[in-house]
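Engineer: Enclosed is the structure file target.cif (mmCIF, C-alpha atoms).
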```cif
data_start
#
loop_
_atom_site.label_atom_id
_atom_site.label_comp_id
_atom_site.auth_asym_id
_atom_site.auth_seq_id
_atom_site.Cartn_x
_atom_site.Cartn_y
_atom_site.Cartn_z
CA MET Z 1 0.00 0.00 0.00
CA THR Z 2 1.41 3.36 -0.94
CA PHE Z 3 1.28 6.18 1.49
CA ASN Z 4 -0.44 9.22 0.05
CA ALA Z 5 0.64 12.22 2.10
CA LYS Z 6 -1.65 14.61 0.27
CA SER Z 7 -4.94 12.93 1.14
CA MET Z 8 -3.93 12.67 4.79
CA THR Z 9 -3.53 16.39 5.23
CA GLU Z 10 -6.16 17.83 2.95
CA ASN Z 11 -9.36 18.86 4.71
CA GLN Z 12 -12.63 17.23 3.79
CA VAL Z 13 -15.30 19.58 2.51
CA LEU Z 14 -17.21 21.08 5.41
CA THR Z 15 -20.92 20.77 4.64
CA ALA Z 16 -24.09 20.86 6.70
CA ASP Z 17 -24.73 17.23 5.73
CA ALA Z 18 -21.39 16.18 7.15
CA ILE Z 19 -22.19 18.01 10.38
CA TYR Z 20 -25.62 16.36 10.63
CA GLN Z 21 -23.91 12.99 10.25
CA LEU Z 22 -21.49 13.76 13.07
CA LEU Z 23 -24.33 15.00 15.25
CA ALA Z 24 -26.27 11.77 14.73
CA GLU Z 25 -23.89 10.41 17.36
CA VAL Z 26 -25.01 12.96 19.95
CA LYS Z 27 -27.66 11.36 22.13
CA ASP Z 28 -29.97 12.65 24.82
CA PRO Z 29 -27.95 12.30 28.05
CA GLU Z 30 -31.00 10.93 29.92
CA ILE Z 31 -32.18 8.58 27.16
CA PRO Z 32 -28.91 7.58 25.48
CA VAL Z 33 -30.60 5.67 22.63
CA ILE Z 34 -32.28 8.65 20.98
CA SER Z 35 -30.29 11.23 19.03
CA ILE Z 36 -30.89 14.92 19.56
CA GLN Z 37 -32.06 15.04 15.96
CA ASP Z 38 -34.73 12.37 16.51
CA LEU Z 39 -35.76 14.14 19.71
CA GLY Z 40 -36.41 17.34 17.75
CA VAL Z 41 -33.84 19.31 19.73
CA LEU Z 42 -31.44 19.81 16.81
CA GLN Z 43 -32.97 22.47 14.58
CA GLN Z 44 -30.27 24.21 12.61
CA VAL Z 45 -26.77 23.82 11.23
CA LYS Z 46 -25.09 26.78 9.57
CA ILE Z 47 -21.60 26.89 8.22
CA HIS Z 48 -19.70 30.10 7.82
CA GLU Z 49 -16.20 29.58 6.44
CA ASN Z 50 -14.56 27.39 9.11
CA SER Z 51 -17.03 27.95 11.90
CA VAL Z 52 -20.09 25.86 12.58
CA HIS Z 53 -23.24 27.26 14.19
CA VAL Z 54 -25.64 24.74 15.67
CA GLY Z 55 -29.12 25.82 16.78
CA ILE Z 56 -30.96 23.74 19.35
CA ILE Z 57 -34.24 24.19 21.21
CA PRO Z 58 -34.90 23.16 24.82
CA THR Z 59 -37.37 20.39 25.68
CA TYR Z 60 -38.64 21.28 29.16
CA SER Z 61 -37.87 24.83 30.34
CA GLY Z 62 -35.79 23.74 33.30
CA CYS Z 63 -34.25 20.64 31.75
CA PRO Z 64 -30.69 20.36 33.09
CA ALA Z 65 -29.74 18.13 30.14
CA MET Z 66 -29.49 21.15 27.81
CA HIS Z 67 -26.14 22.08 29.26
CA ALA Z 68 -24.83 18.54 28.73
CA ILE Z 69 -26.20 18.52 25.18
CA LYS Z 70 -24.35 21.75 24.35
CA THR Z 71 -21.10 20.30 25.68
CA ASP Z 72 -21.65 17.01 23.81
CA ILE Z 73 -22.29 18.82 20.50
CA LYS Z 74 -19.05 20.77 20.83
CA ALA Z 75 -17.09 17.67 21.75
CA ALA Z 76 -18.56 15.63 18.87
CA LEU Z 77 -17.64 18.30 16.31
CA LEU Z 78 -14.28 19.32 17.73
CA ALA Z 79 -13.18 15.67 17.72
CA HIS Z 80 -13.25 15.98 13.91
CA ALA Z 81 -11.97 19.55 13.78
CA ASP Z 82 -8.75 18.69 11.95
CA TYR Z 83 -10.45 16.42 9.45
CA TYR Z 84 -13.01 19.01 8.42
CA GLY Z 85 -10.97 22.09 9.18
CA ILE Z 86 -13.42 23.35 11.81
CA ASP Z 87 -11.96 26.11 13.93
CA ARG Z 88 -15.01 27.22 15.87
CA VAL Z 89 -18.26 25.66 17.09
CA VAL Z 90 -21.05 27.86 18.42
CA VAL Z 91 -24.11 26.24 19.95
CA GLU Z 92 -27.06 28.56 20.24
CA LEU Z 93 -30.29 28.03 22.16
CA LEU Z 94 -33.09 29.16 19.83
CA ASP Z 95 -36.39 30.54 21.14
CA LYS Z 96 -38.37 29.10 18.25
CA PRO Z 97 -39.87 26.83 17.18
CA VAL Z 98 -41.39 25.87 20.53
CA TRP Z 99 -40.58 22.21 21.17
CA THR Z 100 -43.40 19.67 21.44
CA THR Z 101 -43.34 15.88 21.59
CA ASP Z 102 -44.80 15.87 18.05
CA MET Z 103 -41.28 16.74 16.91
CA ILE Z 104 -39.95 13.35 18.03
CA THR Z 105 -39.49 11.19 14.91
CA ASP Z 106 -40.97 7.70 14.51
CA LYS Z 107 -37.43 6.37 14.60
CA GLY Z 108 -36.90 8.14 17.92
CA LYS Z 109 -40.14 6.75 19.34
CA ALA Z 110 -39.19 3.22 18.28
CA ALA Z 111 -35.79 3.60 19.97
CA MET Z 112 -37.48 4.80 23.15
CA LEU Z 113 -39.85 1.85 23.17
CA ALA Z 114 -37.02 -0.64 22.66
CA TYR Z 115 -35.21 1.02 25.57
CA GLY Z 116 -38.21 0.40 27.85
CA ILE Z 117 -39.84 3.84 27.80
CA ALA Z 118 -43.39 4.17 26.48
CA PRO Z 119 -43.22 6.92 23.83
CA PRO Z 120 -45.61 9.92 23.88
CA LEU Z 121 -49.02 9.22 22.39
CA ASN Z 122 -49.83 10.46 18.90
CA ALA Z 123 -53.00 12.46 18.34
CA GLY Z 124 -56.00 10.13 18.53
CA GLU Z 125 -54.18 7.39 20.47
CA GLN Z 126 -55.72 6.61 23.82
CA SER Z 127 -53.92 3.88 25.69
CA ILE Z 128 -50.39 3.87 27.03
CA ASN Z 129 -49.06 0.39 26.39
CA CYS Z 130 -46.54 -1.47 28.52
CA PRO Z 131 -43.15 -1.38 26.77
CA GLN Z 132 -42.36 -4.85 28.17
CA CYS Z 133 -45.42 -6.95 27.34
CA GLY Z 134 -47.48 -4.60 25.17
CA SER Z 135 -50.58 -4.75 27.38
CA ASP Z 136 -52.87 -1.72 27.39
CA ASN Z 137 -53.93 -2.51 30.95
CA THR Z 138 -51.64 0.07 32.58
CA GLN Z 139 -52.00 2.58 35.37
CA CYS Z 140 -50.40 5.91 36.26
CA ILE Z 141 -48.52 5.76 39.58
CA SER Z 142 -47.21 9.32 39.49
CA GLU Z 143 -47.64 12.15 36.97
CA PHE Z 144 -43.98 12.92 37.54
CA GLY Z 145 -41.08 10.53 37.16
CA SER Z 146 -37.31 10.32 37.05
CA THR Z 147 -36.95 13.37 34.79
CA ALA Z 148 -39.13 16.37 33.89
CA CYS Z 149 -40.27 14.69 30.67
CA LYS Z 150 -41.48 11.41 32.13
CA ALA Z 151 -44.34 10.03 34.23
CA LEU Z 152 -44.31 6.78 36.19
CA TYR Z 153 -46.64 3.95 35.15
CA ARG Z 154 -47.21 0.32 36.07
CA CYS Z 155 -48.41 -2.55 33.91
CA ASN Z 156 -51.29 -4.43 35.56
CA ARG Z 157 -50.60 -7.51 33.44
CA CYS Z 158 -46.87 -8.14 33.86
CA LEU Z 159 -46.68 -5.90 36.96
CA GLU Z 160 -43.53 -4.12 35.73
CA PRO Z 161 -43.23 -0.40 36.46
CA PHE Z 162 -42.17 1.75 33.50
CA ASP Z 163 -41.54 5.34 32.41
CA TYR Z 164 -43.94 7.08 30.06
CA PHE Z 165 -42.56 9.99 28.02
CA LYS Z 166 -45.28 12.57 28.67
CA CYS Z 167 -47.19 14.10 25.80
CA HIS Z 168 -46.10 17.74 25.68
CA ALA Z 169 -48.02 19.72 23.11
CA MET C 1 -50.18 52.34 14.01
CA ALA C 2 -47.43 50.69 15.99
CA THR C 3 -46.81 52.50 19.24
CA GLN C 4 -43.45 52.52 20.95
CA ILE C 5 -43.27 49.94 23.74
CA ASN C 6 -42.18 51.36 27.08
CA ASN C 7 -39.08 49.20 27.61
CA LYS C 8 -38.65 50.13 31.25
CA ALA C 9 -42.21 49.09 32.09
CA LEU C 10 -41.86 45.86 30.13
CA HIS C 11 -38.56 45.14 31.88
CA THR C 12 -40.27 45.53 35.24
CA TYR C 13 -43.11 43.27 34.15
CA LEU C 14 -40.68 40.59 32.95
CA LEU C 15 -39.03 40.77 36.37
CA ARG C 16 -42.46 40.29 37.96
CA LEU C 17 -42.99 37.13 35.91
CA ALA C 18 -39.47 35.84 36.57
CA ASP C 19 -39.47 36.68 40.29
CA SER C 20 -42.86 34.99 40.74
CA SER C 21 -41.66 31.78 39.07
CA LEU C 22 -38.36 31.81 40.94
CA THR C 23 -39.87 32.32 44.39
CA MET C 24 -42.53 29.66 43.74
CA GLY C 25 -39.83 27.29 42.48
CA GLN C 26 -37.55 27.95 45.44
CA ARG C 27 -40.38 27.33 47.95
CA LEU C 28 -41.28 24.06 46.24
CA ALA C 29 -37.63 23.00 46.27
CA GLU C 30 -37.76 23.27 50.07
CA TRP C 31 -39.99 20.17 49.95
CA CYS C 32 -37.13 18.08 48.57
CA GLY C 33 -36.80 15.16 50.97
CA HIS C 34 -39.87 16.30 52.94
CA GLY C 35 -42.72 15.29 50.62
CA PRO C 36 -45.49 13.15 52.13
CA TYR C 37 -44.24 10.17 50.11
CA LEU C 38 -41.66 9.49 47.44
CA GLU C 39 -43.73 10.07 44.28
CA GLU C 40 -45.06 13.34 45.68
CA ASP C 41 -41.55 14.43 46.65
CA VAL C 42 -40.53 13.85 43.03
CA ALA C 43 -43.60 15.70 41.73
CA LEU C 44 -43.04 18.79 43.91
CA THR C 45 -39.42 19.11 42.86
CA ASN C 46 -40.23 18.45 39.19
CA VAL C 47 -42.70 21.34 39.24
CA SER C 48 -40.04 23.39 41.00
CA LEU C 49 -37.59 22.66 38.20
CA ASP C 50 -40.08 23.77 35.52
CA LEU C 51 -40.78 27.00 37.41
CA ILE C 52 -37.09 27.81 37.82
CA GLY C 53 -36.78 27.15 34.07
CA HIS C 54 -39.55 29.69 33.43
CA ALA C 55 -37.78 32.21 35.67
CA GLN C 56 -34.59 31.72 33.67
CA ILE C 57 -36.42 32.39 30.39
CA PHE C 58 -38.11 35.55 31.69
CA TYR C 59 -34.85 36.84 33.20
CA GLN C 60 -33.17 36.35 29.84
CA LEU C 61 -35.92 38.37 28.15
CA ALA C 62 -35.37 41.10 30.74
CA VAL C 63 -31.62 41.03 30.11
CA ALA C 64 -32.21 41.38 26.36
CA LEU C 65 -34.22 44.58 26.98
CA SER C 66 -31.75 46.21 29.29
CA ASP C 67 -28.71 48.35 28.50
CA ASP C 68 -26.71 47.43 31.59
CA SER C 69 -24.47 44.38 31.78
CA GLN C 70 -26.51 42.38 34.31
CA THR C 71 -26.95 38.69 33.49
CA ALA C 72 -29.91 36.46 34.32
CA ASP C 73 -27.90 35.07 37.25
CA ASP C 74 -27.20 38.59 38.53
CA LEU C 75 -30.92 39.34 38.51
CA ALA C 76 -31.72 36.20 40.47
CA PHE C 77 -28.83 36.18 42.91
CA LEU C 78 -27.66 39.74 43.39
CA ARG C 79 -30.85 41.75 43.87
CA ASP C 80 -32.17 42.43 47.35
CA SER C 81 -35.78 41.94 48.40
CA HIS C 82 -36.90 45.54 47.65
CA GLU C 83 -35.82 44.97 44.02
CA TYR C 84 -37.97 41.84 43.64
CA ARG C 85 -41.30 42.42 41.89
CA ASN C 86 -43.29 39.24 42.64
CA PRO C 87 -46.67 39.40 44.37
CA ILE C 88 -46.36 38.50 48.05
CA ILE C 89 -48.24 35.19 47.75
CA THR C 90 -45.36 33.54 45.85
CA GLU C 91 -42.81 34.24 48.61
CA LEU C 92 -44.91 32.92 51.52
CA PRO C 93 -43.29 30.07 53.49
CA LYS C 94 -44.18 26.58 52.33
CA GLY C 95 -46.39 25.77 55.32
CA ASP C 96 -47.97 22.32 55.50
CA PHE C 97 -48.89 20.21 52.49
CA ALA C 98 -52.45 21.60 52.39
CA TYR C 99 -51.10 25.16 52.29
CA THR C 100 -48.51 24.38 49.60
CA THR C 101 -51.14 22.54 47.55
CA LEU C 102 -53.75 25.28 47.68
CA LYS C 103 -51.19 28.00 46.96
CA GLN C 104 -49.91 25.97 44.02
CA TYR C 105 -53.47 25.53 42.73
CA PHE C 106 -54.15 29.28 42.89
CA ILE C 107 -50.92 30.04 41.04
CA ASP C 108 -51.43 27.23 38.50
CA VAL C 109 -54.89 28.50 37.50
CA PHE C 110 -53.48 32.00 37.26
CA SER C 111 -50.45 30.88 35.22
CA VAL C 112 -52.50 28.85 32.72
CA GLN C 113 -54.86 31.78 32.11
CA LEU C 114 -52.01 34.31 32.07
CA TYR C 115 -49.81 32.37 29.63
CA GLN C 116 -52.78 31.67 27.38
CA ALA C 117 -53.27 35.42 27.14
CA LEU C 118 -49.55 36.21 26.88
CA SER C 119 -49.21 33.70 24.02
CA LYS C 120 -50.98 36.40 21.99
CA SER C 121 -48.64 39.18 23.11
CA SER C 122 -47.61 41.60 20.39
CA TYR C 123 -44.06 41.28 21.76
CA GLU C 124 -42.88 38.08 20.07
CA PRO C 125 -40.21 36.96 22.57
CA LEU C 126 -42.82 37.11 25.35
CA SER C 127 -45.39 35.29 23.24
CA LEU C 128 -42.93 32.44 22.51
CA ALA C 129 -41.89 32.16 26.16
CA ALA C 130 -45.55 32.02 27.23
CA GLN C 131 -46.35 29.30 24.67
CA LYS C 132 -43.54 27.20 26.06
CA ALA C 133 -44.41 27.73 29.72
CA LEU C 134 -48.12 27.15 29.05
CA MET C 135 -47.62 23.49 28.13
CA GLU C 136 -45.91 22.89 31.45
CA VAL C 137 -48.24 24.83 33.77
CA LYS C 138 -51.26 23.05 32.26
CA TYR C 139 -49.73 19.81 33.47
CA HIS C 140 -49.05 21.31 36.92
CA LEU C 141 -52.67 22.42 37.20
CA LYS C 142 -53.98 18.91 36.59
CA ARG C 143 -52.02 17.70 39.59
CA SER C 144 -52.74 20.57 42.01
CA GLU C 145 -56.45 20.60 41.17
CA ALA C 146 -56.73 16.86 41.81
CA TRP C 147 -54.96 17.30 45.15
CA VAL C 148 -57.20 20.16 46.31
CA GLU C 149 -60.23 18.00 45.62
CA ARG C 150 -58.75 14.86 47.17
CA LEU C 151 -57.68 16.60 50.39
CA SER C 152 -60.82 18.71 50.83
CA LEU C 153 -63.16 15.75 50.50
CA SER C 154 -61.20 13.29 52.63
CA THR C 155 -60.52 13.07 56.38
CA ASP C 156 -61.62 15.64 58.97
CA GLU C 157 -58.02 16.61 59.61
CA ALA C 158 -57.39 17.25 55.90
CA LYS C 159 -60.58 19.31 55.61
CA VAL C 160 -59.61 21.46 58.59
CA ARG C 161 -56.16 22.04 57.15
CA MET C 162 -57.51 22.93 53.71
CA GLN C 163 -60.00 25.40 55.19
CA LYS C 164 -57.25 26.97 57.29
CA ALA C 165 -55.03 27.24 54.20
CA LEU C 166 -57.85 28.98 52.35
CA ASN C 167 -58.43 31.41 55.23
CA ASP C 168 -54.72 32.24 55.34
CA LEU C 169 -54.16 32.55 51.59
CA TRP C 170 -57.31 34.09 50.15
CA PHE C 171 -56.47 37.75 50.72
CA TYR C 172 -53.12 37.39 49.01
CA THR C 173 -54.76 36.45 45.71
CA PRO C 174 -56.09 39.86 44.51
CA GLU C 175 -52.52 41.11 44.27
CA LEU C 176 -51.92 38.75 41.34
CA PHE C 177 -54.07 41.06 39.19
CA GLU C 178 -52.70 44.38 40.41
CA THR C 179 -51.56 46.91 37.84
CA ASP C 180 -50.14 50.41 37.80
CA ALA C 181 -50.12 53.17 35.19
CA ALA C 182 -47.13 51.71 33.34
CA LEU C 183 -48.67 48.22 33.18
CA ASN C 184 -52.02 49.60 32.05
CA GLU C 185 -50.25 51.20 29.12
CA LEU C 186 -48.70 47.83 28.15
CA ILE C 187 -52.12 46.19 28.47
CA GLU C 188 -53.66 48.77 26.13
CA GLN C 189 -50.89 48.10 23.60
CA GLY C 190 -51.56 44.35 23.72
CA VAL C 191 -48.05 43.65 25.01
CA ILE C 192 -49.22 42.02 28.23
CA ALA C 193 -52.43 40.34 29.35
CA ASP C 194 -55.54 42.23 30.48
CA LEU C 195 -55.22 41.47 34.17
CA LEU C 196 -58.67 42.78 35.05
CA ALA C 197 -60.29 40.35 32.62
CA LEU C 198 -58.12 37.58 34.07
CA LYS C 199 -59.32 38.42 37.57
CA THR C 200 -62.92 37.66 36.62
CA LYS C 201 -61.93 34.48 34.83
CA TRP C 202 -59.72 33.30 37.68
CA ASN C 203 -62.39 33.92 40.31
CA GLU C 204 -64.96 31.97 38.31
CA GLN C 205 -62.74 28.94 37.88
CA VAL C 206 -61.40 28.91 41.43
CA LYS C 207 -64.75 29.50 43.12
CA THR C 208 -66.33 26.64 41.17
CA LEU C 209 -63.76 24.21 42.50
CA LEU C 210 -63.83 25.57 46.07
CA GLN C 211 -67.59 25.16 46.12
CA ARG C 212 -67.35 21.59 44.86
CA CYS C 213 -64.78 20.97 47.60
CA GLN C 214 -67.12 22.43 50.25
CA LEU C 215 -64.55 25.01 51.26
CA GLU C 216 -65.78 28.40 52.44
CA ILE C 217 -64.24 31.60 51.17
CA PRO C 218 -63.51 33.87 54.16
CA GLU C 219 -65.28 37.19 54.63
CA SER C 220 -63.46 40.15 53.19
CA GLY C 221 -61.15 42.08 55.46
CA TRP C 222 -57.71 43.04 54.28
CA VAL C 223 -55.89 42.57 51.02
CA ALA C 224 -52.16 42.06 50.53
CA THR C 225 -50.37 44.52 48.26
CA GLY C 226 -46.90 45.92 47.65
CA GLY C 227 -44.93 43.38 45.58
CA LEU C 228 -45.10 45.43 42.41
CA ALA C 229 -43.44 48.34 44.23
CA GLY C 230 -40.86 46.10 45.93
CA GLU C 231 -42.58 46.17 49.33
CA HIS C 232 -42.51 42.58 50.52
CA SER C 233 -43.26 40.49 53.57
CA GLU C 234 -40.41 39.65 55.97
CA HIS C 235 -40.32 36.14 54.49
CA LEU C 236 -38.67 37.12 51.21
CA GLY C 237 -35.50 38.43 52.89
CA TYR C 238 -34.93 35.14 54.71
CA MET C 239 -35.56 33.18 51.55
CA LEU C 240 -33.11 35.27 49.52
CA ALA C 241 -30.49 35.05 52.26
CA GLU C 242 -30.48 31.29 51.85
CA MET C 243 -30.94 31.21 48.08
CA GLN C 244 -28.28 33.84 47.35
CA PHE C 245 -25.72 32.78 49.95
CA LEU C 246 -23.37 31.03 47.54
CA GLN C 247 -23.22 33.91 45.03
CA ARG C 248 -22.73 36.44 47.80
CA ALA C 249 -19.98 34.42 49.51
CA TYR C 250 -18.23 33.38 46.30
CA PRO C 251 -19.02 36.07 43.70
CA GLY C 252 -19.15 34.75 40.13
CA CYS C 253 -19.05 31.12 41.27
CA GLU C 254 -20.26 28.67 38.59
CA TRP C 255 -20.57 24.91 38.32
#
```
Turn the structure described in the file into structure tokens.

Structural biologist:
Amino acid sequence: MTFNAKSMTENQVLTADAIYQLLAEVKDPEIPVISIQDLGVLQQVKIHENSVHVGIIPTYSGCPAMHAIKTDIKAALLAHADYYGIDRVVVELLDKPVWTTDMITDKGKAAMLAYGIAPPLNAGEQSINCPQCGSDNTQCISEFGSTACKALYRCNRCLEPFDYFKCHA
Amino acid sequence: MATQINNKALHTYLLRLADSSLTMGQRLAEWCGHGPYLEEDVALTNVSLDLIGHAQIFYQLAVALSDDSQTADDLAFLRDSHEYRNPIITELPKGDFAYTTLKQYFIDVFSVQLYQALSKSSYEPLSLAAQKALMEVKYHLKRSEAWVERLSLSTDEAKVRMQKALNDLWFYTPELFETDAALNELIEQGVIADLLALKTKWNEQVKTLLQRCQLEIPESGWVATGGLAGEHSEHLGYMLAEMQFLQRAYPGCEW
């Protein structure tokens, strides 16, 4: 194999698509199976020369994960700074659009379910099904759960407790 | 014709919104580890977190309007009680669970109605903030309303405590709707909500529930006032002393 010095040093083209691909690896710190894109938090990528501007929106107003998400975005992009020739990453908290659970993609909801969290109901859906056994015979134990976005439920069939990602719209 | 918004008045109003959310959130946080049972402990502190989040948003809007270099943290942690603009009800000590619950219910009804109205504000940043907060306070109201009903219609002890809470809190509620000349101007411009209209709406909704819960509204006597002008109860100073201790002792400290 011949060593090609040129291709090792030349920067790859910095495009929004490339950034979106890198950011696909950034997950919600509380639900580490869903990407910030599938959660609806990632809203904007802008490239200006060698600097990247990423616009995100908060889920719940007081959600402490936003700080971690900002840090994770910077780390994910700066890890490839040399490759893409990125010299600055700015993460901005946008005030619009206003986040709702309708922004969570189907892929995101499927990942949540596989992880053991019942995803937020779609319009028209009535029952919250157990993520373990699928039964619709479930009961709310507490409207508030382990994080601001979740409520605590129990399945009356398999008796397992589970988190429900609250509908927020 | 677009009229010029009075920035100073709007700044003060944003502080009123932020200070109300922050003091409510701080009082709820005092329940951490003291809730009647685990799920309720989690619920109280979750609501607290949302309210502190709302305070942060409103402080940031205030910062954006102001020429000085104060940050949202400065507004929360470096102002003294006479500079706070919340109505007195939000700073009252947490009391027992009945008192906290009824106070929360009063504020939740008010917040839902207020943010519904503010969602239509002609000042877009405020409208967006209200839309966001509205989704969360609607959820809070479901919980506090259910608790008021559950406690009022349960044991004798709970009924007595709920009635006492109502007697103690009722005359703090009119202050929620208080305005002054500067606020009235903002109301006329459609920047903030018509608080007089909200007062009627709030009273209707609250009185319907209190009646269903067989709670008696106390006879009129005195009415709390002063928050808008920075005249507070003694309780706010003690609360701020605890809440602001870290920033005062270690200026600029972050984590």

Engineer: Using all atoms listed in the file and a cut-off of 12 Å, which residues of chain Z sit close to chain C? Please list them as a VMD selection string.

Structural biologist: chain Z and resid 57 to 64 66 to 67 93 to 101 140 to 153 166 to 169

Engineer: Output C-alpha atoms for every residue in that selection, as a JSON list (two decimals), in the frame of the given file.

Structural biologist:
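Once everything was written out, this is selection.json:
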```json
[["chain", "number", "residue", "atom", "x", "y", "z"],
["Z", 57, "ILE", "CA", -34.24, 24.19, 21.21],
["Z", 58, "PRO", "CA", -34.90, 23.16, 24.82],
["Z", 59, "THR", "CA", -37.37, 20.39, 25.68],
["Z", 60, "TYR", "CA", -38.64, 21.28, 29.16],
["Z", 61, "SER", "CA", -37.87, 24.83, 30.34],
["Z", 62, "GLY", "CA", -35.79, 23.74, 33.30],
["Z", 63, "CYS", "CA", -34.25, 20.64, 31.75],
["Z", 64, "PRO", "CA", -30.69, 20.36, 33.09],
["Z", 66, "MET", "CA", -29.49, 21.15, 27.81],
["Z", 67, "HIS", "CA", -26.14, 22.08, 29.26],
["Z", 93, "LEU", "CA", -30.29, 28.03, 22.16],
["Z", 94, "LEU", "CA", -33.09, 29.16, 19.83],
["Z", 95, "ASP", "CA", -36.39, 30.54, 21.14],
["Z", 96, "LYS", "CA", -38.37, 29.10, 18.25],
["Z", 97, "PRO", "CA", -39.87, 26.83, 17.18],
["Z", 98, "VAL", "CA", -41.39, 25.87, 20.53],
["Z", 99, "TRP", "CA", -40.58, 22.21, 21.17],
["Z", 100, "THR", "CA", -43.40, 19.67, 21.44],
["Z", 101, "THR", "CA", -43.34, 15.88, 21.59],
["Z", 140, "CYS", "CA", -50.40, 5.91, 36.26],
["Z", 141, "ILE", "CA", -48.52, 5.76, 39.58],
["Z", 142, "SER", "CA", -47.21, 9.32, 39.49],
["Z", 143, "GLU", "CA", -47.64, 12.15, 36.97],
["Z", 144, "PHE", "CA", -43.98, 12.92, 37.54],
["Z", 145, "GLY", "CA", -41.08, 10.53, 37.16],
["Z", 146, "SER", "CA", -37.31, 10.32, 37.05],
["Z", 147, "THR", "CA", -36.95, 13.37, 34.79],
["Z", 148, "ALA", "CA", -39.13, 16.37, 33.89],
["Z", 149, "CYS", "CA", -40.27, 14.69, 30.67],
["Z", 150, "LYS", "CA", -41.48, 11.41, 32.13],
["Z", 151, "ALA", "CA", -44.34, 10.03, 34.23],
["Z", 152, "LEU", "CA", -44.31, 6.78, 36.19],
["Z", 153, "TYR", "CA", -46.64, 3.95, 35.15],
["Z", 166, "LYS", "CA", -45.28, 12.57, 28.67],
["Z", 167, "CYS", "CA", -47.19, 14.10, 25.80],
["Z", 168, "HIS", "CA", -46.10, 17.74, 25.68],
["Z", 169, "ALA", "CA", -48.02, 19.72, 23.11]]
```

Engineer: Could you state the separation of atom CA of C:Leu118 and atom CA of C:Gln189 in Å, given to one decimal place?

Structural biologist: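 We find that atom CA of C:Leu118 and atom CA of C:Gln189 lie 12.4 Å from each other.
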
Engineer: Taking into account all atoms listed in the file, which residue in the set Z:Gln132, Z:Thr105, Z:Asn156, Z:Gln12 is nearest to Z:Ala81?

Structural biologist: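 The shortest atom-to-atom distance to Z:Ala81 comes from Z:Gln12.
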
Engineer: List as a list of chain:residue names the protein and nucleic acid residues near Z:Lys109, meaning an atom at most 9 Å away when only C-alpha atoms are counted, but skip any in the same chain fewer than 3 places from it.

Structural biologist: Z:Ile34, Z:Asp38, Z:Leu39, Z:Ile104, Z:Thr105, Z:Asp106, Z:Met112, Z:Leu113, Z:Ala114, Z:Ile117, Z:Ala118, Z:Pro119, Z:Pro120

Engineer: Ranking Z:Cys155, Z:Pro29, Z:Met103, Z:Ser127 by minimum distance to Z:Ile73 and counting all atoms listed in the file, which one comes first?

Structural biologist: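 Going through Z:Cys155, Z:Pro29, Z:Met103, Z:Ser127 one by one, the smallest distance to Z:Ile73 is for Z:Pro29.
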
Engineer: Please determine, counting only C-alpha atoms, which residue among C:Ala224, C:Leu17, C:Leu22, C:Leu215 has the shortest atom-to-atom distance to C:Ala158.

Structural biologist: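 So, comparing all the options, the nearest one is C:Leu215.
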
Engineer: Tell me, in Å to one decimal, how far atom CA of Z:Val52 is from atom CA of Z:Glu25.

Structural biologist: 16.6 Å

Engineer: Which residues come within 9 Å of C:Ile217, counting only C-alpha atoms, excluding same-chain residues fewer than 3 positions away, as a PyMOL selection string?

Structural biologist: chain C and resi 163+166-167+170+207+210-211+220

Engineer: Could you tell me how far atom CA of C:Leu78 sits from atom CA of C:Met239, in Å to one decimal place?

Structural biologist: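 Computing the Euclidean distance for atom CA of C:Met239 and atom CA of C:Leu78 yields 13.1 Å.
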
Engineer: Could you spell out the hits of the PyMOL selection byres ((chain C and resi 120) around 10) on the shown file, as a list in words?

Structural biologist: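 Output of the PyMOL selection byres ((chain C and resi 120) around 10): Tyr115, Gln116, Ala117, Leu118, Ser119, Ser121, Ser122, Tyr123, Glu124, Leu126, Ser127, Leu128, Ala130, Gln131, Gly190, Val191, Ile192 and Ala193 of chain C.
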
Engineer: Take the PyMOL selection byres ((chain C and resi 171) around 12), run it mentally on this structure, and tell me the resulting residues as a list in words.

Structural biologist: Pro87, Ile88, Ile89, Lys103, Phe106, Ala165, Leu166, Asn167, Asp168, Leu169, Trp170, Tyr172, Thr173, Pro174, Glu175, Leu176, Ile217, Pro218, Glu219, Ser220, Gly221, Trp222, Val223, Ala224 and Thr225 of chain C

Engineer: Here's a test: counting all atoms listed in the file, identify every protein, DNA and RNA residue with an atom at most 8 Å from (-27.3, 23.4, 17.9) in the file's coordinate frame, and state them as a PyMOL selection string.

Structural biologist: chain Z and resi 41-45+53-57+70+73+90-93

Engineer: Out of C:Leu28, C:Gln247, C:Gly230, C:Phe177, which residue has the shortest atom-to-atom distance to C:Ala76 when counting all atoms listed in the file?

Structural biologist: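 Among C:Leu28, C:Gln247, C:Gly230, C:Phe177, it is C:Gln247 that comes nearest to C:Ala76.
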
Engineer: Contacts of C:Leu14 at 7 Å or less, counting all atoms listed in the file, minus same-chain residues fewer than 4 places along, as number ranges by chain?

Structural biologist: C: 10, 18, 58-59, 62

Engineer: Okay, now the selection with C-alpha atoms, as a PDB file, keeping the file's coordinate frame?

Structural biologist:
```
ATOM      1  CA  LEU C  10     -41.860  45.860  30.130  1.00  0.00           C
ATOM      2  CA  ALA C  18     -39.470  35.840  36.570  1.00  0.00           C
ATOM      3  CA  PHE C  58     -38.110  35.550  31.690  1.00  0.00           C
ATOM      4  CA  TYR C  59     -34.850  36.840  33.200  1.00  0.00           C
ATOM      5  CA  ALA C  62     -35.370  41.100  30.740  1.00  0.00           C
TER       6      ALA C  62
END
```
